[in-house]
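**Student:** For reference, the file final-v1.cif (mmCIF, C-alpha atoms) is included below:
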data_run
loop_
_atom_site.label_atom_id
_atom_site.label_comp_id
_atom_site.auth_asym_id
_atom_site.auth_seq_id
_atom_site.Cartn_x
_atom_site.Cartn_y
_atom_site.Cartn_z
CA MET A 322 29.63 14.34 7.39
CA ALA A 323 32.63 14.09 5.10
CA GLN A 324 31.97 14.58 1.43
CA ASN A 325 31.46 11.19 -0.22
CA THR A 326 34.12 10.32 -2.79
CA THR A 327 33.14 6.79 -3.76
CA GLY A 328 30.15 7.66 -5.92
CA ARG A 329 27.89 5.27 -3.97
CA LEU A 330 24.76 7.06 -2.79
CA LYS A 331 21.73 5.76 -0.91
CA ILE A 332 18.58 7.73 -0.06
CA VAL A 333 16.35 6.82 2.89
CA ALA A 334 12.89 8.32 2.35
CA GLY A 335 9.77 8.74 4.46
CA ALA A 336 6.77 11.02 4.95
CA ASP A 337 3.70 11.72 7.02
CA SER A 338 0.21 11.63 5.54
CA PHE A 339 0.47 15.26 4.36
CA GLY A 340 3.66 14.56 2.42
CA GLY A 341 3.13 10.96 1.34
CA SER A 342 2.04 11.65 -2.22
CA LEU A 343 4.94 14.02 -2.89
CA LYS A 344 7.40 11.56 -1.34
CA ASP A 345 6.12 8.78 -3.61
CA SER A 346 6.68 10.96 -6.69
CA LEU A 347 10.23 11.76 -5.62
CA VAL A 348 11.03 8.13 -4.80
CA ASN A 349 9.92 7.16 -8.32
CA HIS A 350 12.14 9.89 -9.73
CA LEU A 351 15.13 8.70 -7.71
CA ARG A 352 14.63 5.14 -8.91
CA SER A 353 14.44 6.35 -12.51
CA LEU A 354 17.95 7.75 -11.92
CA ASN A 355 19.09 4.31 -10.65
CA ILE A 356 19.74 5.70 -7.18
CA ASP A 357 19.44 3.21 -4.33
CA VAL A 358 16.33 4.16 -2.32
CA GLU A 359 14.99 2.70 0.93
CA ASP A 360 11.38 3.85 1.20
CA LEU A 361 10.14 3.73 4.80
CA GLY A 362 6.63 4.52 3.62
CA THR A 363 4.10 6.95 5.07
CA SER A 364 3.23 7.39 8.75
CA ASP A 365 0.46 9.30 10.49
CA LYS A 366 3.07 10.82 12.82
CA TYR A 367 5.42 13.35 11.22
CA TYR A 368 7.75 13.39 14.23
CA SER A 369 8.42 9.65 14.08
CA VAL A 370 9.31 10.02 10.37
CA GLY A 371 11.80 12.81 11.05
CA GLU A 372 13.24 10.90 13.99
CA GLU A 373 13.74 7.66 12.04
CA ILE A 374 15.31 9.37 9.01
CA GLY A 375 17.63 11.36 11.28
CA ARG A 376 18.67 8.24 13.16
CA ARG A 377 19.33 6.29 9.94
CA VAL A 378 21.45 9.04 8.39
CA SER A 379 23.38 9.65 11.62
CA THR A 380 24.19 6.04 12.45
CA THR A 381 24.79 4.79 8.90
CA ASN A 382 27.25 7.50 7.93
CA SER A 383 29.19 7.06 11.16
CA SER A 384 29.65 3.33 10.50
CA ASP A 385 29.80 3.04 6.69
CA THR A 386 32.61 4.93 4.96
CA GLU A 387 31.94 3.49 1.50
CA THR A 388 28.32 4.60 0.99
CA GLU A 389 26.95 8.07 1.54
CA THR A 390 23.45 7.87 3.00
CA ARG A 391 21.21 10.88 2.72
CA GLY A 392 17.61 11.40 3.78
CA LEU A 393 14.45 12.59 2.04
CA VAL A 394 11.52 13.59 4.27
CA ALA A 395 8.16 15.17 3.52
CA CYS A 396 5.37 16.54 5.70
CA GLY A 397 2.80 19.29 5.28
CA THR A 398 5.35 22.11 5.49
CA GLY A 399 8.67 20.27 5.60
CA VAL A 400 9.46 22.02 8.89
CA GLY A 401 8.45 19.49 11.54
CA VAL A 402 10.28 16.55 9.97
CA SER A 403 13.48 18.59 9.60
CA ILE A 404 13.36 19.69 13.25
CA PHE A 405 13.23 16.11 14.49
CA ALA A 406 15.80 14.82 11.99
CA ASN A 407 18.25 17.50 13.11
CA LYS A 408 18.25 16.19 16.67
CA PHE A 409 20.82 13.56 15.66
CA PRO A 410 24.60 14.16 15.44
CA GLY A 411 25.94 14.66 11.94
CA VAL A 412 22.51 15.34 10.44
CA TYR A 413 22.00 18.59 8.54
CA ALA A 414 18.37 18.63 7.45
CA ALA A 415 17.16 21.59 5.39
CA THR A 416 13.62 22.51 4.41
CA CYS A 417 13.79 23.57 0.76
CA LEU A 418 10.90 25.29 -1.03
CA THR A 419 12.88 26.38 -4.09
CA PRO A 420 15.85 25.07 -6.11
CA GLY A 421 17.79 28.05 -4.74
CA ASP A 422 17.19 26.80 -1.20
CA ALA A 423 18.45 23.37 -2.24
CA LEU A 424 21.54 24.77 -3.94
CA ASN A 425 22.52 26.89 -0.93
CA SER A 426 21.79 24.14 1.59
CA ARG A 427 24.22 21.83 -0.22
CA SER A 428 26.87 24.40 -1.18
CA ILE A 429 27.07 26.19 2.17
CA ASN A 430 25.68 23.73 4.73
CA ASN A 431 26.51 20.30 3.27
CA SER A 432 22.88 19.29 3.84
CA ASN A 433 22.39 15.53 3.95
CA VAL A 434 18.63 15.44 4.57
CA LEU A 435 16.20 17.17 2.21
CA ALA A 436 12.83 18.15 3.71
CA VAL A 437 10.02 19.12 1.35
CA SER A 438 6.51 20.49 1.74
CA GLY A 439 3.61 18.33 0.57
CA MET A 440 1.22 21.27 0.91
CA SER A 441 3.26 23.99 -0.81
CA THR A 442 5.28 22.20 -3.49
CA SER A 443 4.08 20.59 -6.72
CA PRO A 444 5.65 17.30 -7.86
CA GLU A 445 7.28 19.11 -10.80
CA SER A 446 8.85 21.75 -8.56
CA ALA A 447 9.91 19.11 -6.04
CA VAL A 448 11.75 17.14 -8.74
CA GLU A 449 13.67 20.31 -9.68
CA ILE A 450 14.49 20.92 -6.01
CA LEU A 451 15.62 17.31 -5.56
CA ASP A 452 17.79 17.32 -8.70
CA THR A 453 19.48 20.52 -7.60
CA TRP A 454 20.11 19.09 -4.15
CA LEU A 455 21.53 15.85 -5.59
CA ASN A 456 23.78 17.56 -8.12
CA THR A 457 25.24 20.35 -5.99
CA PRO A 458 28.53 19.49 -4.29
CA PHE A 459 29.48 20.96 -0.94
CA LYS A 460 31.37 24.27 -1.35
CA SER A 461 30.34 24.67 -4.98
CA PRO A 462 29.69 28.19 -6.33
CA CYS A 463 26.17 29.43 -5.57
CA PRO A 464 24.22 32.71 -5.49
CA ALA A 465 25.80 33.57 -2.14
CA SER A 466 29.21 33.63 -3.91
CA ASP A 467 27.86 35.35 -7.05
CA SER A 468 28.13 31.89 -8.63
CA LYS A 469 31.92 32.22 -8.56
CA PRO A 470 34.45 29.99 -6.75
CA TRP A 471 34.63 30.77 -3.05
CA PRO A 472 37.61 32.85 -1.86
CA THR A 473 40.26 30.77 -0.11
CA GLU A 474 39.35 31.96 3.38
CA ILE A 475 35.65 31.20 2.89
CA ASP A 476 36.43 27.82 1.34
CA SER A 477 38.55 26.98 4.39
CA PHE A 478 35.81 28.18 6.74
CA LEU A 479 33.23 25.96 5.05
CA GLU A 480 35.54 22.95 5.13
CA ASN A 481 36.25 23.39 8.84
CA SER A 482 32.57 23.94 9.61
CA VAL A 483 31.87 20.26 8.90
CA SER A 484 34.23 18.99 11.57
CA GLU A 485 33.13 21.73 13.97
CA MET A 486 29.45 20.82 13.58
CA LEU A 487 30.25 17.21 14.36
CA LYS A 488 31.64 18.32 17.73
CA ILE A 489 28.35 19.87 18.83
CA GLY A 490 27.14 17.92 21.85
CA GLU A 491 30.41 16.03 22.39
CA GLY A 492 30.80 15.08 26.02
CA GLY A 493 27.18 15.88 26.83
CA PRO A 494 26.16 18.75 29.13
CA GLU A 495 28.73 20.85 30.96
CA PRO A 496 29.71 19.78 34.51
CA ASN A 497 27.45 22.30 36.27
CA ASN A 498 24.40 20.89 34.47
CA LYS A 499 22.71 18.21 36.55
CA ASP A 500 21.21 16.53 33.51
CA THR A 501 24.16 14.41 32.35
CA SER A 502 22.02 11.87 30.52
CA SER A 503 21.18 13.99 27.45
CA SER A 504 22.92 12.93 24.26
CA CYS A 505 20.84 15.21 22.03
CA ALA A 506 22.91 18.10 20.69
CA ILE A 507 19.92 20.44 20.41
CA CYS A 508 18.78 19.70 23.98
CA TRP A 509 22.33 20.30 25.21
CA LEU A 510 22.62 23.63 23.38
CA ASN A 511 19.25 24.65 24.80
CA SER A 512 20.42 23.82 28.34
CA ARG A 513 23.54 25.94 27.84
CA ASN A 514 21.38 28.95 26.99
CA LYS A 515 19.08 28.72 30.00
CA ASP A 516 21.23 30.93 32.23
CA LYS A 517 22.10 33.44 29.54
CA PRO A 518 20.44 36.87 29.11
CA GLU A 519 17.24 37.02 27.14
CA GLY A 520 19.12 38.37 24.13
CA ASP A 521 16.81 39.19 21.25
CA PHE A 522 13.59 38.13 23.00
CA THR A 523 11.15 41.03 23.01
CA PRO A 524 7.83 41.26 24.90
CA ILE A 525 4.59 40.65 23.03
CA GLU A 526 2.86 43.82 24.16
CA MET A 527 -0.71 42.72 23.50
CA MET A 528 -0.24 39.39 25.33
CA ARG A 529 1.01 39.56 28.92
CA GLY A 530 3.72 37.12 29.91
CA GLY A 531 4.81 36.46 26.34
CA SER A 532 8.06 37.21 24.52
CA MET A 533 9.31 36.32 21.07
CA LYS A 534 12.62 36.00 19.23
CA ILE A 535 12.33 36.32 15.45
CA LEU A 536 14.64 33.91 13.64
CA ARG A 537 13.53 34.65 10.08
CA GLU A 538 11.24 37.18 8.39
CA THR A 539 8.53 36.33 5.82
CA PRO A 540 7.88 33.48 6.07
CA THR A 541 8.40 34.15 9.75
CA SER A 542 10.08 31.66 12.08
CA ALA A 543 10.36 32.44 15.78
CA VAL A 544 10.90 31.03 19.26
CA VAL A 545 8.15 32.12 21.64
CA ARG A 546 8.04 31.99 25.44
CA PHE A 547 5.09 32.41 27.81
CA GLU A 548 5.13 32.44 31.60
CA SER A 549 3.08 29.95 33.57
CA GLY A 550 -0.52 31.13 33.95
CA SER A 551 -0.41 33.37 30.89
CA VAL A 552 -3.39 33.53 28.54
CA GLU A 553 -3.54 34.43 24.87
CA PRO A 554 -7.01 35.94 24.34
CA ALA A 555 -8.83 34.75 21.23
CA HIS A 556 -7.11 36.01 18.10
CA HIS A 557 -6.31 35.06 14.52
CA HIS A 558 -3.54 35.52 11.94
CA THR A 559 -3.46 36.23 8.22
CA PHE A 560 -1.34 33.12 7.66
CA GLY A 561 -1.47 29.59 9.02
CA HIS A 562 1.25 28.50 11.40
CA ASP A 563 3.03 25.34 12.61
CA LEU A 564 4.40 25.04 16.11
CA VAL A 565 6.39 22.48 18.09
CA VAL A 566 6.51 22.67 21.90
CA MET A 567 10.06 22.53 23.28
CA LYS A 568 9.27 23.12 26.96
CA GLY A 569 6.21 23.27 29.21
CA LYS A 570 2.48 22.62 28.70
CA LYS A 571 -0.30 24.60 27.03
CA LYS A 572 -3.90 24.20 25.92
CA VAL A 573 -5.25 25.58 22.65
CA TRP A 574 -8.91 26.15 21.88
CA ASN A 575 -9.58 26.47 18.15
CA LEU A 576 -12.84 28.40 18.36
CA SER A 577 -13.41 28.32 14.59
CA LYS A 578 -13.41 24.53 14.52
CA MET A 579 -14.65 23.97 18.10
CA GLU A 580 -11.61 21.78 18.84
CA GLU A 581 -9.25 21.58 21.84
CA TYR A 582 -5.60 20.52 21.98
CA ASP A 583 -3.47 19.72 25.04
CA LEU A 584 0.18 20.15 24.05
CA GLY A 585 3.39 19.15 25.82
CA VAL A 586 7.05 18.77 24.93
CA GLY A 587 7.46 17.45 21.37
CA ASP A 588 3.82 18.01 20.38
CA TYR A 589 3.00 19.68 17.07
CA LEU A 590 0.00 21.74 15.99
CA PHE A 591 -0.98 23.46 12.74
CA THR A 592 -3.51 26.29 12.92
CA PRO A 593 -4.94 27.36 9.54
CA ALA A 594 -5.04 30.97 8.40
CA GLY A 595 -7.92 32.93 9.93
CA ASP A 596 -8.84 30.32 12.56
CA VAL A 597 -9.67 32.06 15.85
CA HIS A 598 -7.85 30.43 18.76
CA ARG A 599 -7.31 30.98 22.49
CA VAL A 600 -4.38 29.62 24.55
CA LYS A 601 -3.69 28.91 28.23
CA TYR A 602 -0.20 28.13 29.58
CA TRP A 603 -0.04 25.72 32.53
CA GLU A 604 3.75 25.99 32.92
CA ASP A 605 6.56 28.22 31.70
CA THR A 606 6.44 27.24 28.03
CA GLU A 607 8.69 27.66 25.00
CA PHE A 608 7.89 26.66 21.44
CA PHE A 609 9.14 27.04 17.86
CA ILE A 610 6.60 28.54 15.47
CA LYS A 611 6.56 29.20 11.73
CA TRP A 612 3.99 31.32 9.90
CA ASP A 613 3.41 30.74 6.18
CA GLY A 614 3.97 34.48 5.60
CA HIS A 615 4.63 37.56 7.74
CA TRP A 616 3.69 37.62 11.42
CA ASP A 617 0.61 39.57 12.43
CA VAL A 618 -2.12 39.20 15.04
CA PHE A 619 -5.74 40.39 15.21
CA MET A 620 -7.43 40.29 18.61
CA ASP A 621 -10.96 38.87 18.83
CA GLU A 622 -11.51 39.35 22.59
CA ASP A 623 -9.86 41.03 25.60
CA LEU A 624 -8.05 39.32 28.48
CA ASP A 625 -10.99 39.52 30.91
CA ALA A 626 -13.28 37.81 28.42
CA ALA A 627 -10.65 35.15 27.74
CA ASN A 628 -10.15 34.38 31.45
CA ALA A 629 -13.90 34.17 31.96
CA ALA A 630 -14.29 31.76 29.05
CA ILE A 631 -11.40 29.56 30.24
CA GLY A 632 -12.83 29.55 33.76
CA LYS A 633 -16.00 27.99 32.41
CA GLU A 634 -14.00 25.33 30.52
CA ILE A 635 -11.81 24.08 33.39
#
What does the file become when written as structure tokens?
**Tutor:**
Amino acid sequence: MAQNTTGRLKIVAGADSFGGSLKDSLVNHLRSLNIDVEDLGTSDKYYSVGEEIGRRVSTTNSSDTETETRGLVACGTGVGVSIFANKFPGVYAATCLTPGDALNSRSINNSNVLAVSGMSTSPESAVEILDTWLNTPFKSPCPASDSKPWPTEIDSFLENSVSEMLKIGEGGPEPNNKDTSSSCAICWLNSRNKDKPEGDFTPIEMMRGGSMKILRETPTSAVVRFESGSVEPAHHHTFGHDLVVMKGKKKVWNLSKMEEYDLGVGDYLFTPAGDVHRVKYWEDTEFFIKWDGHWDVFMDEDLDAANAAIGKEI
């Protein structure tokens, strides 16, 4: 998205039930600044909120050169809504938990959708994050540049990155990919990586058939893969985690709450800290997962016990 030079700014806002209260506070703040806000309200489904905001920002900015439209989305963690918003061309959604995150996301990444956490961020902190995000121009000095003007070569790199990002997904999948119907840039990039080496994926030694690629440390974000038929014996973590299924099917038994979840592509699940859970994979499965802190795992049963328990359930 080109940097807006007209001074006309519109914010499209929305949230799920976990982020609704925080979204309302931020919408009131935006209106107190006389910024044009379209409030889409609060939905029970976080993924539909992220999808709608992403679509609005993508289509409006491609057709309206006089008004810059940005998005504001809120859910429990701010992660799920940003994932779905980012599936649309020209959308750069960033989950920001601090003003520093907001400053860098604007200065370096030209973020045009701000995602905030209704569970982790107070209204006062969120207002500070929002103000920083609103008032930081693309390519402005930030902590990454020691708060000094960017060197010429870096400034040029950042400027060109905008046009390069807009090209992601152009033309759809490559000719040797049979799926020529996908217009989603993220799906296309994923398909391009299918035939590539495993790269940084490392086996999860205590869980057969599983491998993991760490994307960020503490709080930890990762992409996890499990082979069809794999089982995660009952275990728990120090921190709660969010996950979104990108491929395959799995079943999760939350033994602490005596609840079951059947998950497929696009489904989301949050497991609270300390909840003991067991998992069965019906197909080769891949999912994005984010822990609220560092990654750890504590086993509560062995594989034989897990298989026996699952056999009684199915």
**Student:** Within 7 Å of (-13.3, 27.7, 15.8) in the file's own coordinates, which protein, DNA or RNA residues have an atom, counting only C-alpha atoms? List them as a count of residues only.
**Tutor:** 9
**Student:** Which is closer to Lys568 of chain A than all the others in A:Phe608, A:Phe522, A:Phe591, A:Phe478, using all atoms listed in the file?
**Tutor:**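 Among A:Phe608, A:Phe522, A:Phe591, A:Phe478, it is A:Phe608 that comes nearest to Lys568 of chain A.
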**Student:** Starting from the shown file, work through the PyMOL selection byres ((chain A and resi 399-403) around 9) and note down what comes out as an MDAnalysis selection string.
**Tutor:** chainID A and resid 336:337 340 367:372 374:375 394:398 404:408 413:418 434:440 563:565 589 611
**Student:** Tell me which of A:Val552, A:Met528, A:Leu451, A:Ile429 sits closest to Trp574 of chain A, counting only C-alpha atoms.
**Tutor:**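 Comparing A:Val552, A:Met528, A:Leu451, A:Ile429 against Trp574 of chain A, the winner is A:Val552.
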**Student:** Which of these, A:Lys570, A:Ser426, A:His556, A:Lys633, has the shortest distance to Thr592 of chain A once you count all atoms listed in the file?
**Tutor:**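 Residue with the minimum atom-to-atom distance to Thr592 of chain A: A:His556.
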**Student:** Using all atoms listed in the file, which residue out of A:Glu480, A:Ile610, A:Asp623, A:Asn628 lies closest to Ser551 of chain A?
**Tutor:**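 Of the candidates, the smallest distance to Ser551 of chain A is held by A:Asn628.
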**Student:** In Å to one decimal, how far is atom CA of Leu343 of chain A from atom CA of Pro420 of chain A?
**Tutor:**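 For atom CA of Pro420 of chain A relative to atom CA of Leu343 of chain A, the distance reads 15.9 Å.
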**Student:** Smallest atom-to-atom distance to Glu373 of chain A: which of A:Val333, A:Val358, A:Leu347, A:Val544, using all atoms listed in the file?
**Tutor:**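 So, comparing all the options, the nearest one is A:Val333.
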